[in-house]
Number of protein chains: 2
Amino acid sequence: VPRSQELDEFALIERHFAPLARSLPGSLGLLDDGALLEIEPDHKLVVAADMAIEGVHFTASDPPELIGRKVIRYNLSDLAAMGARPLAYLLALAKPVNRSSDWVGAIAGGLARDQEEFGISLVGGDTTSTPGPAVLSITVLGTVGVGGALLRAGARPGDAIFVSGTIGDSALGLAAAMGELGRIDASDQDYLLGRYQLPSPRLALGQALVGIATAAIDVSDGLIADLAHVCRASGVAATIEAEKIPFSAEARRVHAQDERFWRASLTGGDDYELLFCVPSDRLGEIEALGHAADVAVTQIGSISDGTDVQVIGENGEAVTFDHGGYRHF
Amino acid sequence: VPRSQELDEFALIERHFAPLARSLPGSLGLLDDGALLEIEPDHKLVVAADMAIEGVHFTASDPPELIGRKVIRYNLSDLAAMGARPLAYLLALAKPVNRSSDWVGAIAGGLARDQEEFGISLVGGDTTSTPGPAVLSITVLGTVGVGGALLRAGARPGDAIFVSGTIGDSALGLAAAMGELGRIDASDQDYLLGRYQLPSPRLALGQALVGIATAAIDVSDGLIADLAHVCRASGVAATIEAEKIPFSAEARRVHAQDERFWRASLTGGDDYELLFCVPSDRLGEIEALGHAADVAVTQIGSISDGTDVQVIGENGEAVTFDHGGYRHF
């Protein structure tokens, strides 16, 4: 085997991961049994975890620079949905036995970029070898002021429902990756693929919504499924108007080819946009918050008494869906 | 497929994992984007992660009840080594596609037992399906008073070196599992196998050592390798006396068969005992602390100026080892 494959765990950590831990003293340089972190007074800890498996959540041919960033962004999106500020993360990585350490280095390089972008530091984790597919498991830690966290429960009848950004790009990007968008321009496919490969967690928006939104979630299981999660947690119903759902121009061109792509956009998931509810007396503040957070915010419907999620089509009739969202098992 | 294999992710979480989250309100019942945890005033957060892969860290024939407990105990041992009190954990689980949900239930059942034993709660994680071997990735959260954490750095010349419990049982238990202890009594093999399958994190001892030990680590890479970690972090040398290292009666009977088993006991790792250093003026307190924590504590050597780890044999000469500890890659 080439020298690069002989690197043992300690050398891999020292070479690729210790540099990612230098900015936060509490990481102890990844040299101790754990990390030692300070939580600001009057703040709570927010913590979430996500695991990605090669062949399920990414492929062996995906650029390794993007793999770690994608998983960390899944997690950061969870922090965004709770209004939390990111603090640090832990990475457990299983490297296929014959994969080179350069592949690990490329993942670490991608993580370094996201650390800078989102102001976080690696503080711990684990590395191991696997006879199976590669696995990345990331736990992210953040903080939110006591009483400030955005939860799924809290939406009330009369609240308006908003989403950030555009919906469905990621589901269509996956379709592009699978060669299902043959008649679509390459530049449109590239845009959608990019949205699938590298989601944009809406951290600034989530933090700005603290004290304003009554409920929030990030759209990971699909717009309809995630709205249903909010309704279930809050004990309310929701109606969204199909024509108000924000789509990118690229997604609209795909929808024009086949109505099934439109349906996939509402149920496909992996959007990592924020879905949130706002009481009627705060509606006037939302556009400015979106502007400050550099992301579009669009009102798509409203909360009412009941338990259902209804999508009203352009003809004024309810649209039905076979199933609302992605299932991992 | 039988009905039990059709359970989707939400049903699996609801059935097997939500019950593990009920004791801590901050888990939000695993129903939100993350958990929301309070850290006591004047305390720091301690966090560590470990990943275990089927075929590497456990086998498909291991009792599933023990798999989760083993991984969580690896992590709790890290908290013990830092003097921290456990608070909560997150579990990311990849289930092989054809594995039944009963297997998941058995893992959850084992975790429930350890939650009770160690006073912790599940607060989040992820479940997914994998075409490869099963994966468990656990992140554990604990707390320690500000300024109280035990670190690897801090050992000083003149300090005594202690270990808890007995060393090498786990390495020999692995040898038993691999059928390498053919001439050893079945009851001895069972004892050693049990120590390998279910380590005992020394949480009470670790917490009791806060303010007394100058450095601590848990023995996971092997006694010699982990002592070397302490020496490197502290900038000191260490000498241990082979005849003082505490072994179980079962391990001694294996050592009597072949000197290589003795060597394996010092380098094999997975002991999850605490190795710690104590200044000479505090030596008198240690035995009582061990007694209160219900674990033997044994002085095995001392810290001096320098950089090496030396093991002195019964004949007074240094024993040499090919390599000091386990490498994960």
# chains A, B, ... in the order shown; residues from 1 in each chain; ligands from 1
>>> closest_atom_pairs(of="chain B", to="chain A", cutoff="6 Å", atoms="only C-alpha atoms", output="tab-separated table")
residue	atom	partner	partner_atom	distance
B:Asp8	CA	A:Phe329	CA	4.8
B:Glu9	CA	A:Phe329	CA	5.2
B:Asp33	CA	A:Asp78	CA	5.1
B:Gly34	CA	A:Ala48	CA	4.6
B:Ala35	CA	A:Val47	CA	5.3
B:Leu36	CA	A:Val46	CA	4.7
B:Leu37	CA	A:Leu45	CA	4.9
B:Glu38	CA	A:Lys44	CA	5.1
B:Lys44	CA	A:Glu38	CA	5.1
B:Leu45	CA	A:Leu37	CA	4.9
B:Val46	CA	A:Leu36	CA	4.7
B:Val47	CA	A:Ala35	CA	5.3
B:Ala48	CA	A:Gly34	CA	4.6
B:Ala49	CA	A:Gly125	CA	4.8
B:Asp50	CA	A:Asp126	CA	5.5
B:Asp78	CA	A:Asp33	CA	5.1
B:Gly125	CA	A:Ala49	CA	4.8
B:Asp126	CA	A:Asp50	CA	5.5
B:Thr128	CA	A:His328	CA	5.3
B:Ser129	CA	A:Phe329	CA	5.5
B:Gly132	CA	A:Gly132	CA	5.0
B:Pro133	CA	A:Gly132	CA	6.0
B:His328	CA	A:Thr128	CA	5.3
B:Phe329	CA	A:Asp8	CA	4.9
>>> select_by_dssp(residues="range 108-139 of chain B", states="strand (DSSP E)", output="PyMOL selection string")
chain B and resi 121-130+135-139
>>> residues_around(residues="Ile286 in chain A", least_positions_apart="3", cutoff="9 Å", atoms="only C-alpha atoms", output="ChimeraX atom specification")
/A:209,212,278,282-283,289-291,297
>>> write_last_selection(atoms="N, CA and C atoms", output="JSON list (two decimals), in the first residue's frame")
[["chain", "number", "residue", "atom", "x", "y", "z"],
["A", 209, "LEU", "N", -35.57, 35.12, 14.27],
["A", 209, "LEU", "CA", -36.97, 34.79, 14.52],
["A", 209, "LEU", "C", -37.27, 34.53, 16.00],
["A", 212, "ILE", "N", -40.25, 36.02, 17.90],
["A", 212, "ILE", "CA", -41.26, 36.40, 16.91],
["A", 212, "ILE", "C", -42.04, 35.17, 16.43],
["A", 278, "VAL", "N", -45.95, 32.74, 12.21],
["A", 278, "VAL", "CA", -45.84, 34.10, 12.72],
["A", 278, "VAL", "C", -47.23, 34.62, 13.07],
["A", 282, "ARG", "N", -47.31, 40.37, 13.93],
["A", 282, "ARG", "CA", -45.85, 40.50, 13.69],
["A", 282, "ARG", "C", -45.50, 40.36, 12.21],
["A", 283, "LEU", "N", -46.50, 40.20, 11.36],
["A", 283, "LEU", "CA", -46.23, 39.93, 9.94],
["A", 283, "LEU", "C", -45.37, 41.01, 9.30],
["A", 289, "LEU", "N", -36.57, 41.07, 8.29],
["A", 289, "LEU", "CA", -35.70, 40.06, 8.90],
["A", 289, "LEU", "C", -35.07, 39.18, 7.82],
["A", 290, "GLY", "N", -35.88, 38.79, 6.85],
["A", 290, "GLY", "CA", -35.36, 38.00, 5.74],
["A", 290, "GLY", "C", -34.28, 38.76, 4.99],
["A", 291, "HIS", "N", -34.56, 40.04, 4.76],
["A", 291, "HIS", "CA", -33.59, 40.88, 4.04],
["A", 291, "HIS", "C", -32.27, 40.94, 4.81],
["A", 297, "VAL", "N", -38.16, 35.39, 2.21],
["A", 297, "VAL", "CA", -39.16, 34.75, 3.08],
["A", 297, "VAL", "C", -40.51, 34.96, 2.42]]
>>> residues_around(residues="Tyr191 in chain B", least_positions_apart="5", cutoff="9 Å", atoms="only C-alpha atoms", output="VMD selection string")
chain B and resid 169 173 186 196 250
>>> write_last_selection(atoms="all heavy atoms", output="JSON list (two decimals), in the first residue's frame")
[["chain", "number", "residue", "atom", "x", "y", "z"],
["B", 169, "ASP", "N", -8.10, -7.75, 31.43],
["B", 169, "ASP", "CA", -9.22, -8.69, 31.33],
["B", 169, "ASP", "C", -9.89, -8.59, 29.96],
["B", 169, "ASP", "O", -10.27, -9.61, 29.37],
["B", 169, "ASP", "CB", -10.27, -8.39, 32.41],
["B", 169, "ASP", "CG", -9.73, -8.62, 33.81],
["B", 169, "ASP", "OD1", -8.83, -9.46, 33.98],
["B", 169, "ASP", "OD2", -10.22, -7.95, 34.74],
["B", 173, "GLY", "N", -10.37, -11.27, 27.22],
["B", 173, "GLY", "CA", -11.75, -11.62, 26.85],
["B", 173, "GLY", "C", -11.91, -11.67, 25.35],
["B", 173, "GLY", "O", -12.60, -12.55, 24.81],
["B", 186, "ALA", "N", -13.62, -22.81, 31.32],
["B", 186, "ALA", "CA", -14.74, -22.06, 30.75],
["B", 186, "ALA", "C", -15.17, -20.92, 31.66],
["B", 186, "ALA", "O", -15.52, -19.83, 31.19],
["B", 186, "ALA", "CB", -15.92, -22.99, 30.48],
["B", 196, "TYR", "N", -14.86, -7.92, 28.64],
["B", 196, "TYR", "CA", -14.68, -7.38, 27.29],
["B", 196, "TYR", "C", -16.00, -6.83, 26.76],
["B", 196, "TYR", "O", -16.06, -5.76, 26.15],
["B", 196, "TYR", "CB", -14.15, -8.49, 26.37],
["B", 196, "TYR", "CG", -14.21, -8.16, 24.90],
["B", 196, "TYR", "CD1", -13.41, -7.15, 24.36],
["B", 196, "TYR", "CD2", -15.05, -8.87, 24.05],
["B", 196, "TYR", "CE1", -13.46, -6.86, 23.00],
["B", 196, "TYR", "CE2", -15.09, -8.58, 22.69],
["B", 196, "TYR", "CZ", -14.30, -7.58, 22.18],
["B", 196, "TYR", "OH", -14.36, -7.29, 20.84],
["B", 250, "GLU", "N", -8.35, -14.55, 37.20],
["B", 250, "GLU", "CA", -8.60, -15.17, 35.89],
["B", 250, "GLU", "C", -7.50, -14.80, 34.90],
["B", 250, "GLU", "O", -6.98, -15.66, 34.16],
["B", 250, "GLU", "CB", -9.97, -14.73, 35.35],
["B", 250, "GLU", "CG", -11.17, -15.27, 36.13],
["B", 250, "GLU", "CD", -11.51, -14.48, 37.38],
["B", 250, "GLU", "OE1", -10.78, -13.53, 37.74],
["B", 250, "GLU", "OE2", -12.53, -14.81, 38.02]]
>>> atom_distance(atom1="CA of Ala256 in chain A", atom2="CA of Asp270 in chain A")
21.4 Å
>>> select_by_dssp(residues="range 259-293 of chain B", states="alpha helix (DSSP H)", output="list in words")
Glu259, Arg260, Phe261, Trp262, Arg263, Ala264, Ser265, Leu266, Thr267, Leu283, Gly284, Glu285, Ile286, Glu287, Ala288, Leu289, Gly290, His291 and Ala292 of chain B
>>> write_last_selection(atoms="all heavy atoms", output="compact mmCIF listing (two decimals), in the first residue's frame")
# COMPACT_ATOMS: atom_id res chain seq x y z
N GLU B 259 3.53 -16.13 28.15
CA GLU B 259 3.93 -14.76 28.49
C GLU B 259 3.32 -13.74 27.53
O GLU B 259 3.15 -12.57 27.88
CB GLU B 259 5.47 -14.67 28.48
CG GLU B 259 6.03 -13.43 29.14
CD GLU B 259 6.86 -12.59 28.17
OE1 GLU B 259 6.95 -12.98 26.98
OE2 GLU B 259 7.38 -11.54 28.61
N ARG B 260 2.99 -14.18 26.30
CA ARG B 260 2.41 -13.23 25.34
C ARG B 260 1.07 -12.69 25.83
O ARG B 260 0.67 -11.58 25.49
CB ARG B 260 2.25 -13.88 23.96
CG ARG B 260 3.58 -13.99 23.21
CD ARG B 260 3.39 -14.71 21.91
NE ARG B 260 2.89 -16.07 22.13
CZ ARG B 260 2.60 -16.92 21.15
NH1 ARG B 260 2.75 -16.58 19.89
NH2 ARG B 260 2.16 -18.13 21.45
N PHE B 261 0.36 -13.50 26.60
CA PHE B 261 -0.92 -13.01 27.13
C PHE B 261 -0.69 -11.90 28.17
O PHE B 261 -1.50 -10.98 28.30
CB PHE B 261 -1.74 -14.16 27.74
CG PHE B 261 -2.30 -15.10 26.70
CD1 PHE B 261 -2.04 -16.46 26.74
CD2 PHE B 261 -3.12 -14.60 25.68
CE1 PHE B 261 -2.56 -17.32 25.79
CE2 PHE B 261 -3.66 -15.46 24.72
CZ PHE B 261 -3.37 -16.82 24.77
N TRP B 262 0.41 -12.00 28.90
CA TRP B 262 0.76 -10.93 29.84
C TRP B 262 1.05 -9.64 29.07
O TRP B 262 0.55 -8.57 29.41
CB TRP B 262 1.97 -11.35 30.67
CG TRP B 262 2.49 -10.27 31.58
CD1 TRP B 262 1.97 -9.91 32.79
CD2 TRP B 262 3.60 -9.41 31.34
NE1 TRP B 262 2.69 -8.87 33.32
CE2 TRP B 262 3.70 -8.54 32.45
CE3 TRP B 262 4.52 -9.28 30.29
CZ2 TRP B 262 4.69 -7.55 32.55
CZ3 TRP B 262 5.50 -8.31 30.39
CH2 TRP B 262 5.59 -7.46 31.51
N ARG B 263 1.81 -9.79 28.00
CA ARG B 263 2.11 -8.61 27.17
C ARG B 263 0.83 -8.02 26.58
O ARG B 263 0.64 -6.80 26.54
CB ARG B 263 3.07 -8.98 26.04
CG ARG B 263 4.47 -9.28 26.53
CD ARG B 263 5.40 -9.71 25.41
NE ARG B 263 6.76 -9.73 25.92
CZ ARG B 263 7.59 -8.67 25.87
NH1 ARG B 263 7.21 -7.56 25.30
NH2 ARG B 263 8.79 -8.76 26.40
N ALA B 264 -0.06 -8.90 26.13
CA ALA B 264 -1.33 -8.44 25.55
C ALA B 264 -2.15 -7.68 26.58
O ALA B 264 -2.88 -6.74 26.25
CB ALA B 264 -2.13 -9.62 25.02
N SER B 265 -2.02 -8.07 27.85
CA SER B 265 -2.78 -7.40 28.89
C SER B 265 -2.34 -5.95 29.09
O SER B 265 -3.14 -5.09 29.45
CB SER B 265 -2.65 -8.15 30.22
OG SER B 265 -3.28 -9.41 30.14
N LEU B 266 -1.06 -5.69 28.85
CA LEU B 266 -0.54 -4.33 29.04
C LEU B 266 -0.71 -3.45 27.81
O LEU B 266 -0.60 -2.23 27.89
CB LEU B 266 0.96 -4.38 29.42
CG LEU B 266 1.27 -4.53 30.91
CD1 LEU B 266 0.69 -5.80 31.48
CD2 LEU B 266 2.76 -4.46 31.16
N THR B 267 -0.97 -4.07 26.66
CA THR B 267 -1.06 -3.28 25.43
C THR B 267 -2.41 -3.41 24.73
O THR B 267 -2.68 -2.69 23.79
CB THR B 267 0.03 -3.73 24.42
OG1 THR B 267 -0.16 -5.13 24.14
CG2 THR B 267 1.43 -3.51 24.95
N LEU B 283 -1.56 10.96 48.76
CA LEU B 283 -1.62 9.50 48.60
C LEU B 283 -2.53 8.83 49.62
O LEU B 283 -3.22 7.85 49.31
CB LEU B 283 -0.22 8.88 48.72
CG LEU B 283 0.76 9.21 47.59
CD1 LEU B 283 2.07 8.46 47.82
CD2 LEU B 283 0.15 8.84 46.25
N GLY B 284 -2.54 9.38 50.82
CA GLY B 284 -3.29 8.74 51.90
C GLY B 284 -4.79 8.74 51.68
O GLY B 284 -5.52 7.97 52.32
N GLU B 285 -5.26 9.59 50.76
CA GLU B 285 -6.72 9.71 50.57
C GLU B 285 -7.27 8.72 49.56
O GLU B 285 -8.49 8.51 49.48
CB GLU B 285 -7.06 11.12 50.08
CG GLU B 285 -6.58 12.23 51.01
CD GLU B 285 -6.69 13.61 50.36
OE1 GLU B 285 -7.77 13.94 49.83
OE2 GLU B 285 -5.67 14.35 50.38
N ILE B 286 -6.38 8.13 48.76
CA ILE B 286 -6.85 7.43 47.56
C ILE B 286 -7.58 6.12 47.88
O ILE B 286 -8.60 5.80 47.28
CB ILE B 286 -5.67 7.17 46.60
CG1 ILE B 286 -4.98 8.51 46.24
CG2 ILE B 286 -6.14 6.46 45.35
CD1 ILE B 286 -5.90 9.54 45.64
N GLU B 287 -7.06 5.39 48.85
CA GLU B 287 -7.69 4.10 49.14
C GLU B 287 -9.14 4.27 49.58
O GLU B 287 -10.03 3.55 49.13
CB GLU B 287 -6.89 3.35 50.22
CG GLU B 287 -7.28 1.89 50.27
CD GLU B 287 -6.47 1.11 51.31
OE1 GLU B 287 -5.31 1.50 51.58
OE2 GLU B 287 -7.02 0.14 51.86
N ALA B 288 -9.37 5.29 50.41
CA ALA B 288 -10.75 5.53 50.88
C ALA B 288 -11.65 5.95 49.72
O ALA B 288 -12.82 5.56 49.66
CB ALA B 288 -10.75 6.61 51.97
N LEU B 289 -11.10 6.73 48.79
CA LEU B 289 -11.90 7.15 47.63
C LEU B 289 -12.30 5.94 46.79
O LEU B 289 -13.43 5.84 46.32
CB LEU B 289 -11.12 8.13 46.74
CG LEU B 289 -10.84 9.51 47.31
CD1 LEU B 289 -10.15 10.38 46.25
CD2 LEU B 289 -12.14 10.17 47.76
N GLY B 290 -11.33 5.05 46.60
CA GLY B 290 -11.63 3.84 45.84
C GLY B 290 -12.68 3.00 46.54
O GLY B 290 -13.61 2.50 45.91
N HIS B 291 -12.55 2.92 47.86
CA HIS B 291 -13.52 2.15 48.63
C HIS B 291 -14.91 2.74 48.48
O HIS B 291 -15.89 2.02 48.23
CB HIS B 291 -13.09 2.12 50.11
CG HIS B 291 -13.78 1.06 50.90
ND1 HIS B 291 -14.89 1.32 51.67
CD2 HIS B 291 -13.54 -0.27 51.00
CE1 HIS B 291 -15.30 0.20 52.23
NE2 HIS B 291 -14.50 -0.79 51.83
N ALA B 292 -15.00 4.06 48.59
CA ALA B 292 -16.31 4.72 48.45
C ALA B 292 -16.87 4.53 47.05
O ALA B 292 -18.09 4.46 46.86
CB ALA B 292 -16.17 6.21 48.77
>>> atom_distance(atom1="CA of Ile107 in chain A", atom2="CA of Ala171 in chain A")
23.6 Å
